[in-house]
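A.B. asks: Would you mind keeping the following structure in view while I ask a few things?
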Amino acid sequence: MIAAVLLLCAVGVLCSDDVKTPVCVPSHGAACLTPADYLNPSGPITKVLAVGMKLIISLEGLSGSLVCHWIRGEDRVMTARNGSQSMVTSQLSETDSGEYTLTCKSNNVTMFSTTVILHVMKRPTKPQLMLDGVDVSDTSPLFKCVSEGFPKPTIKWSGNKDGQQSLKGSDRKTERTISSTEYYNRGMMCCATNAEGQECSQLYDYDLQSSVMNKDEVSTVTLSKGQSLLLRCRVKGYSLRSPVWEKGGKHLNARTLSRKPEKEEEMAYLSIRSVREEHSGTYTCTSADKNSKSVHVNVSDEGFLSAQLDETKIISAQEASSTCLQATVSYHPVLQYCSWETPDKNRTKCVRETWVTQHRTVKLCDPLISGDYKLHLEAGGQKETKTISVCVVDEPKFNFLFNKDDGTLNLETVSPVPANYTWMFCSESNDSCSEIDSSWDEVPNAFQIDSDVSCNKTIKSLVSKDVLKGDQFRFCLTNPVGSWCKTHYMIIPPTPQPSIGNPPEENSFLLTVCLVLVLQNPLPSIL
């Protein structure tokens, strides 16, 4: 019986210290809180999560038969009893931010109690950009920008201008205004930023001095229901007839505004606070001299997401700390989640462009290591994961060996492939051989190509001593990150003459001396 128990313990069946699957594994959708890690906290425990995540409270490591409560204020939000190993919240929103108490009791005696402060972070919403103060006579209208998020976002205008803070904001909503005369002759955008990221909206501005679209004038705009649309067309000087916006042959007089600021520019605005599907279509603005420009507006709640990422990337070790991974993304309506997962399973938020209405590229700019990196994306109700294999390459080390049994020179090294390599010799005297290519001849039929694809492959090559003329030779390798040559010197002493005394040792006919690394111009390459 004792032997049986020992056997079961050896295979981990009856032993209490066997390895168990962790109750909580952090992921994109869940964060972990393990109270056993905070048995003697010096203050409240702070957890930061994104909107939509769940919090898993793991009770592993707490001894005894416990009943644990997750409390907010006077309300018991969750309870774990009868040996439960965890409590899991529902998906969190920014309204779940606040102070909680985690208490565990055994036989009505408090065994553990601590305060937990949750910060549920929410990216800023796409700002609503609209006109304000349009009913004030003899005054140019204001631009108003509104966004919500947690923490409460800050709003900036093009040129990093602050504008004026509105009193209508809240602890999660920010409103700011700025005079339209600040941007009377150019486009403009407002951007809302907090710790979770940045979202921007723009004024679509069209210059009617000609009918040719300028490079910064947009011909297509895609919006979601509820987003705002702000269009403007303008001409220099004044005329009897102001520029007019129309859609489907109908003038949009009810929502068209003309302003004549001191800058002698006449402009017409079209502002829609919250677009619907019926606002889809082509909008055209025409001036008195018949110049016109059009923009097609597509209002859709149909989300999409796509990404393009190279499958492999090979870099030198010297470049590993200064090279970024980069993917191209296309999505609608907003890129809700973007992170890179490293080969060691850590996740890092994507580096996104700033001051853009649509993020086109996402980057990872941390030091790189060899392995698979994953890009995790979520937008428009869709998720996508892309993988890139990174190979960080050190300078190759060349190991030479002379095989006296068959008279061959052998080389072994580790390199990424594809690669090509060859042997070269110098038949001149020691003083005449230099490091320039013209001093060296390629060994006939020595050039080889390895077309495999691998981060680290052992390459072996050999050449007969008989084809090497002289006592100097080199091996040259070209791989995806560069070209290298290493020179080897071989001294073969003259044949010993008969003499009186002890016979020469068996291996005295061959001496191999120093190895010298020589950087070489790249060889002809297949890479």
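Order determines the names: the first chain of the structure tokens is A, the second B, and so forth; residues in each chain are numbered 1 upward, and ligands are numbered 1 upward as they are shown.
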With 10 Å as the cut-off and only C-alpha atoms counted, what is the closest atom pair between each nearby residue of region 260-364 of chain A and region 122-134 of chain A? Distances in Å to one decimal, ordered by chain and number, as CSV.

C.D. replies:
```
residue,atom,partner,partner_atom,distance
A:Tyr269,CA,A:Leu131,CA,8.5
A:Leu270,CA,A:Leu131,CA,8.9
A:Ser271,CA,A:Met130,CA,6.0
A:Ile272,CA,A:Met130,CA,7.2
A:Arg273,CA,A:Met130,CA,6.2
A:Ser274,CA,A:Gln128,CA,8.3
A:Pro333,CA,A:Lys126,CA,9.3
A:Val334,CA,A:Lys126,CA,8.0
A:Gln336,CA,A:Arg123,CA,8.0
A:Tyr337,CA,A:Arg123,CA,9.5
A:Thr357,CA,A:Lys126,CA,8.8
```

A.B. asks: Output all heavy atoms for every residue in the selection just made, as a PDB file, in the first residue's frame.

C.D. replies:
```
ATOM      1  N   TYR A 269     -20.635  76.727 -45.555  1.00  0.00           N
ATOM      2  CA  TYR A 269     -20.486  75.554 -44.697  1.00  0.00           C
ATOM      3  C   TYR A 269     -21.702  74.647 -44.835  1.00  0.00           C
ATOM      4  O   TYR A 269     -22.829  75.122 -44.970  1.00  0.00           O
ATOM      5  CB  TYR A 269     -20.380  75.962 -43.227  1.00  0.00           C
ATOM      6  CG  TYR A 269     -19.091  76.627 -42.843  1.00  0.00           C
ATOM      7  CD1 TYR A 269     -18.998  78.018 -42.816  1.00  0.00           C
ATOM      8  CD2 TYR A 269     -17.983  75.879 -42.493  1.00  0.00           C
ATOM      9  CE1 TYR A 269     -17.823  78.647 -42.437  1.00  0.00           C
ATOM     10  CE2 TYR A 269     -16.803  76.496 -42.119  1.00  0.00           C
ATOM     11  CZ  TYR A 269     -16.723  77.873 -42.093  1.00  0.00           C
ATOM     12  OH  TYR A 269     -15.559  78.491 -41.726  1.00  0.00           O
ATOM     13  N   LEU A 270     -21.448  73.348 -44.758  1.00  0.00           N
ATOM     14  CA  LEU A 270     -22.527  72.369 -44.631  1.00  0.00           C
ATOM     15  C   LEU A 270     -22.207  71.534 -43.404  1.00  0.00           C
ATOM     16  O   LEU A 270     -21.192  70.835 -43.360  1.00  0.00           O
ATOM     17  CB  LEU A 270     -22.609  71.485 -45.877  1.00  0.00           C
ATOM     18  CG  LEU A 270     -23.637  70.345 -45.819  1.00  0.00           C
ATOM     19  CD1 LEU A 270     -25.039  70.907 -45.650  1.00  0.00           C
ATOM     20  CD2 LEU A 270     -23.559  69.483 -47.057  1.00  0.00           C
ATOM     21  N   SER A 271     -23.052  71.626 -42.397  1.00  0.00           N
ATOM     22  CA  SER A 271     -22.801  70.954 -41.117  1.00  0.00           C
ATOM     23  C   SER A 271     -23.954  70.013 -40.791  1.00  0.00           C
ATOM     24  O   SER A 271     -25.115  70.424 -40.763  1.00  0.00           O
ATOM     25  CB  SER A 271     -22.647  71.989 -39.996  1.00  0.00           C
ATOM     26  OG  SER A 271     -22.459  71.350 -38.750  1.00  0.00           O
ATOM     27  N   ILE A 272     -23.624  68.743 -40.589  1.00  0.00           N
ATOM     28  CA  ILE A 272     -24.607  67.751 -40.151  1.00  0.00           C
ATOM     29  C   ILE A 272     -24.113  67.188 -38.830  1.00  0.00           C
ATOM     30  O   ILE A 272     -23.056  66.566 -38.757  1.00  0.00           O
ATOM     31  CB  ILE A 272     -24.780  66.628 -41.193  1.00  0.00           C
ATOM     32  CG1 ILE A 272     -25.170  67.210 -42.549  1.00  0.00           C
ATOM     33  CG2 ILE A 272     -25.814  65.618 -40.706  1.00  0.00           C
ATOM     34  CD1 ILE A 272     -25.282  66.171 -43.654  1.00  0.00           C
ATOM     35  N   ARG A 273     -24.875  67.413 -37.779  1.00  0.00           N
ATOM     36  CA  ARG A 273     -24.432  67.031 -36.434  1.00  0.00           C
ATOM     37  C   ARG A 273     -24.357  65.523 -36.257  1.00  0.00           C
ATOM     38  O   ARG A 273     -23.418  65.010 -35.629  1.00  0.00           O
ATOM     39  CB  ARG A 273     -25.392  67.625 -35.402  1.00  0.00           C
ATOM     40  CG  ARG A 273     -25.026  67.330 -33.952  1.00  0.00           C
ATOM     41  CD  ARG A 273     -26.093  67.901 -33.027  1.00  0.00           C
ATOM     42  NE  ARG A 273     -26.127  69.350 -33.117  1.00  0.00           N
ATOM     43  CZ  ARG A 273     -25.440  70.162 -32.317  1.00  0.00           C
ATOM     44  NH1 ARG A 273     -24.658  69.640 -31.372  1.00  0.00           N
ATOM     45  NH2 ARG A 273     -25.527  71.464 -32.439  1.00  0.00           N
ATOM     46  N   SER A 274     -25.327  64.801 -36.795  1.00  0.00           N
ATOM     47  CA  SER A 274     -25.378  63.345 -36.619  1.00  0.00           C
ATOM     48  C   SER A 274     -25.912  62.719 -37.917  1.00  0.00           C
ATOM     49  O   SER A 274     -27.100  62.849 -38.226  1.00  0.00           O
ATOM     50  CB  SER A 274     -26.283  62.984 -35.429  1.00  0.00           C
ATOM     51  OG  SER A 274     -26.376  61.591 -35.247  1.00  0.00           O
ATOM     52  N   PRO A 333     -15.661  51.192 -38.228  1.00  0.00           N
ATOM     53  CA  PRO A 333     -15.526  52.647 -38.148  1.00  0.00           C
ATOM     54  C   PRO A 333     -14.282  53.114 -37.401  1.00  0.00           C
ATOM     55  O   PRO A 333     -13.680  54.105 -37.756  1.00  0.00           O
ATOM     56  CB  PRO A 333     -16.789  53.062 -37.420  1.00  0.00           C
ATOM     57  CG  PRO A 333     -17.116  51.891 -36.553  1.00  0.00           C
ATOM     58  CD  PRO A 333     -16.680  50.672 -37.308  1.00  0.00           C
ATOM     59  N   VAL A 334     -13.916  52.424 -36.288  1.00  0.00           N
ATOM     60  CA  VAL A 334     -12.740  52.820 -35.519  1.00  0.00           C
ATOM     61  C   VAL A 334     -11.940  51.561 -35.177  1.00  0.00           C
ATOM     62  O   VAL A 334     -12.487  50.453 -35.076  1.00  0.00           O
ATOM     63  CB  VAL A 334     -13.114  53.573 -34.211  1.00  0.00           C
ATOM     64  CG1 VAL A 334     -13.764  54.906 -34.515  1.00  0.00           C
ATOM     65  CG2 VAL A 334     -14.011  52.712 -33.327  1.00  0.00           C
ATOM     66  N   GLN A 336     -10.658  49.650 -32.574  1.00  0.00           N
ATOM     67  CA  GLN A 336     -10.940  49.597 -31.140  1.00  0.00           C
ATOM     68  C   GLN A 336      -9.782  49.004 -30.341  1.00  0.00           C
ATOM     69  O   GLN A 336      -9.558  49.378 -29.187  1.00  0.00           O
ATOM     70  CB  GLN A 336     -12.206  48.770 -30.895  1.00  0.00           C
ATOM     71  CG  GLN A 336     -13.452  49.386 -31.517  1.00  0.00           C
ATOM     72  CD  GLN A 336     -14.569  48.372 -31.655  1.00  0.00           C
ATOM     73  OE1 GLN A 336     -14.427  47.339 -32.307  1.00  0.00           O
ATOM     74  NE2 GLN A 336     -15.693  48.670 -31.031  1.00  0.00           N
ATOM     75  N   TYR A 337      -9.064  48.057 -30.941  1.00  0.00           N
ATOM     76  CA  TYR A 337      -7.991  47.384 -30.197  1.00  0.00           C
ATOM     77  C   TYR A 337      -6.850  47.080 -31.140  1.00  0.00           C
ATOM     78  O   TYR A 337      -7.052  46.652 -32.281  1.00  0.00           O
ATOM     79  CB  TYR A 337      -8.503  46.081 -29.566  1.00  0.00           C
ATOM     80  CG  TYR A 337      -7.452  45.351 -28.775  1.00  0.00           C
ATOM     81  CD1 TYR A 337      -7.125  45.760 -27.488  1.00  0.00           C
ATOM     82  CD2 TYR A 337      -6.784  44.257 -29.308  1.00  0.00           C
ATOM     83  CE1 TYR A 337      -6.158  45.097 -26.753  1.00  0.00           C
ATOM     84  CE2 TYR A 337      -5.815  43.583 -28.578  1.00  0.00           C
ATOM     85  CZ  TYR A 337      -5.507  44.006 -27.301  1.00  0.00           C
ATOM     86  OH  TYR A 337      -4.546  43.353 -26.573  1.00  0.00           O
ATOM     87  N   THR A 357      -7.232  61.195 -39.169  1.00  0.00           N
ATOM     88  CA  THR A 357      -8.602  60.733 -38.943  1.00  0.00           C
ATOM     89  C   THR A 357      -8.721  59.230 -39.109  1.00  0.00           C
ATOM     90  O   THR A 357      -9.687  58.625 -38.647  1.00  0.00           O
ATOM     91  CB  THR A 357      -9.572  61.429 -39.914  1.00  0.00           C
ATOM     92  OG1 THR A 357      -9.158  61.167 -41.261  1.00  0.00           O
ATOM     93  CG2 THR A 357      -9.585  62.934 -39.668  1.00  0.00           C
TER      94      THR A 357
END
```

A.B. asks: I need the residues in region 261-351 of chain A that are helix (DSSP H, G or I) according to DSSP; give them as number ranges by chain.

C.D. replies: A: 277-279, 317-319

A.B. asks: Would you return as a ChimeraX atom specification the members of region 346-453 of chain A that DSSP assigns to strand (DSSP E or B) on this structure's backbone?

C.D. replies: /A:347-349,351-352,361-364,371-379,382-393,399-403,408-426,441-442,448-453

A.B. asks: If you count only C-alpha atoms, which residues fall within 7 Å of Ala419 (chain A), apart from same-chain ones fewer than 4 positions away, as a list of chain:residue names?

C.D. replies: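 My list of contacting residues is A:Ile449, A:Asp450, A:Ser451, A:Thr478, A:Asn479.
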
A.B. asks: Compile the contact shell of region 76-79 of chain A as a VMD selection string: residues with an atom at most 9 Å away, counting only C-alpha atoms, same-chain residues fewer than 6 positions apart removed.

C.D. replies: chain A and resid 67 to 70 87 to 89

A.B. asks: Just write the chosen residues, all heavy atoms, as a PDB file, in the first residue's frame.

C.D. replies:
```pdb
ATOM      1  N   VAL A  67     -15.112  32.286   2.518  1.00  0.00           N
ATOM      2  CA  VAL A  67     -16.197  32.916   1.782  1.00  0.00           C
ATOM      3  C   VAL A  67     -15.733  34.334   1.481  1.00  0.00           C
ATOM      4  O   VAL A  67     -15.425  35.106   2.393  1.00  0.00           O
ATOM      5  CB  VAL A  67     -17.508  32.942   2.596  1.00  0.00           C
ATOM      6  CG1 VAL A  67     -18.592  33.700   1.823  1.00  0.00           C
ATOM      7  CG2 VAL A  67     -17.962  31.526   2.910  1.00  0.00           C
ATOM      8  N   CYS A  68     -15.639  34.665   0.168  1.00  0.00           N
ATOM      9  CA  CYS A  68     -15.074  35.952  -0.234  1.00  0.00           C
ATOM     10  C   CYS A  68     -16.136  36.810  -0.908  1.00  0.00           C
ATOM     11  O   CYS A  68     -16.978  36.296  -1.659  1.00  0.00           O
ATOM     12  CB  CYS A  68     -13.893  35.748  -1.182  1.00  0.00           C
ATOM     13  SG  CYS A  68     -12.487  34.885  -0.416  1.00  0.00           S
ATOM     14  N   HIS A  69     -16.088  38.110  -0.640  1.00  0.00           N
ATOM     15  CA  HIS A  69     -17.043  39.048  -1.215  1.00  0.00           C
ATOM     16  C   HIS A  69     -16.297  40.146  -1.968  1.00  0.00           C
ATOM     17  O   HIS A  69     -15.270  40.657  -1.490  1.00  0.00           O
ATOM     18  CB  HIS A  69     -17.911  39.678  -0.119  1.00  0.00           C
ATOM     19  CG  HIS A  69     -18.673  38.686   0.709  1.00  0.00           C
ATOM     20  ND1 HIS A  69     -19.748  37.981   0.211  1.00  0.00           N
ATOM     21  CD2 HIS A  69     -18.505  38.284   2.001  1.00  0.00           C
ATOM     22  CE1 HIS A  69     -20.229  37.195   1.162  1.00  0.00           C
ATOM     23  NE2 HIS A  69     -19.489  37.349   2.260  1.00  0.00           N
ATOM     24  N   TRP A  70     -16.848  40.517  -3.099  1.00  0.00           N
ATOM     25  CA  TRP A  70     -16.364  41.655  -3.894  1.00  0.00           C
ATOM     26  C   TRP A  70     -17.408  42.758  -3.732  1.00  0.00           C
ATOM     27  O   TRP A  70     -18.535  42.637  -4.165  1.00  0.00           O
ATOM     28  CB  TRP A  70     -16.218  41.230  -5.348  1.00  0.00           C
ATOM     29  CG  TRP A  70     -15.752  42.259  -6.337  1.00  0.00           C
ATOM     30  CD1 TRP A  70     -16.460  42.766  -7.373  1.00  0.00           C
ATOM     31  CD2 TRP A  70     -14.458  42.867  -6.410  1.00  0.00           C
ATOM     32  NE1 TRP A  70     -15.708  43.657  -8.098  1.00  0.00           N
ATOM     33  CE2 TRP A  70     -14.461  43.746  -7.523  1.00  0.00           C
ATOM     34  CE3 TRP A  70     -13.306  42.790  -5.644  1.00  0.00           C
ATOM     35  CZ2 TRP A  70     -13.361  44.513  -7.888  1.00  0.00           C
ATOM     36  CZ3 TRP A  70     -12.197  43.544  -6.014  1.00  0.00           C
ATOM     37  CH2 TRP A  70     -12.238  44.397  -7.123  1.00  0.00           C
ATOM     38  N   MET A  87     -13.507  34.545  -8.875  1.00  0.00           N
ATOM     39  CA  MET A  87     -14.689  35.334  -9.184  1.00  0.00           C
ATOM     40  C   MET A  87     -14.392  36.099 -10.475  1.00  0.00           C
ATOM     41  O   MET A  87     -13.281  36.612 -10.661  1.00  0.00           O
ATOM     42  CB  MET A  87     -15.013  36.327  -8.058  1.00  0.00           C
ATOM     43  CG  MET A  87     -15.432  35.666  -6.753  1.00  0.00           C
ATOM     44  SD  MET A  87     -15.924  36.889  -5.482  1.00  0.00           S
ATOM     45  CE  MET A  87     -14.315  37.484  -4.959  1.00  0.00           C
ATOM     46  N   VAL A  88     -15.384  36.187 -11.357  1.00  0.00           N
ATOM     47  CA  VAL A  88     -15.181  36.831 -12.649  1.00  0.00           C
ATOM     48  C   VAL A  88     -16.247  37.897 -12.847  1.00  0.00           C
ATOM     49  O   VAL A  88     -17.451  37.616 -12.744  1.00  0.00           O
ATOM     50  CB  VAL A  88     -15.247  35.804 -13.806  1.00  0.00           C
ATOM     51  CG1 VAL A  88     -14.960  36.500 -15.138  1.00  0.00           C
ATOM     52  CG2 VAL A  88     -14.260  34.662 -13.574  1.00  0.00           C
ATOM     53  N   THR A  89     -15.823  39.110 -13.126  1.00  0.00           N
ATOM     54  CA  THR A  89     -16.780  40.188 -13.385  1.00  0.00           C
ATOM     55  C   THR A  89     -17.358  40.040 -14.791  1.00  0.00           C
ATOM     56  O   THR A  89     -16.834  39.300 -15.625  1.00  0.00           O
ATOM     57  CB  THR A  89     -16.102  41.564 -13.279  1.00  0.00           C
ATOM     58  OG1 THR A  89     -15.186  41.717 -14.379  1.00  0.00           O
ATOM     59  CG2 THR A  89     -15.352  41.706 -11.970  1.00  0.00           C
TER      60      THR A  89
END
```

A.B. asks: Leaving out region 162-168 of chain A and any residue of its chain fewer than 4 positions from it, which residues lie within 8 Å of it when counting only C-alpha atoms, given as a PyMOL selection string?

C.D. replies: chain A and resi 155-157+174-179

A.B. asks: Between A:Gly407, A:Pro418, A:Gly187, A:Gly303, which one has atoms that come closest to Gln202 (chain A), using only C-alpha atoms?

C.D. replies: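 When distances to Gln202 (chain A) are compared using only C-alpha atoms, the smallest one comes from A:Gly187.
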
A.B. asks: Please identify all polymer residues within 8 Å of region 231-244 of chain A, counting only C-alpha atoms, omitting same-chain residues fewer than 4 positions from it, and present them as a ChimeraX atom specification.

C.D. replies: /A:203-209,251-253,256,258,264-271,285-288
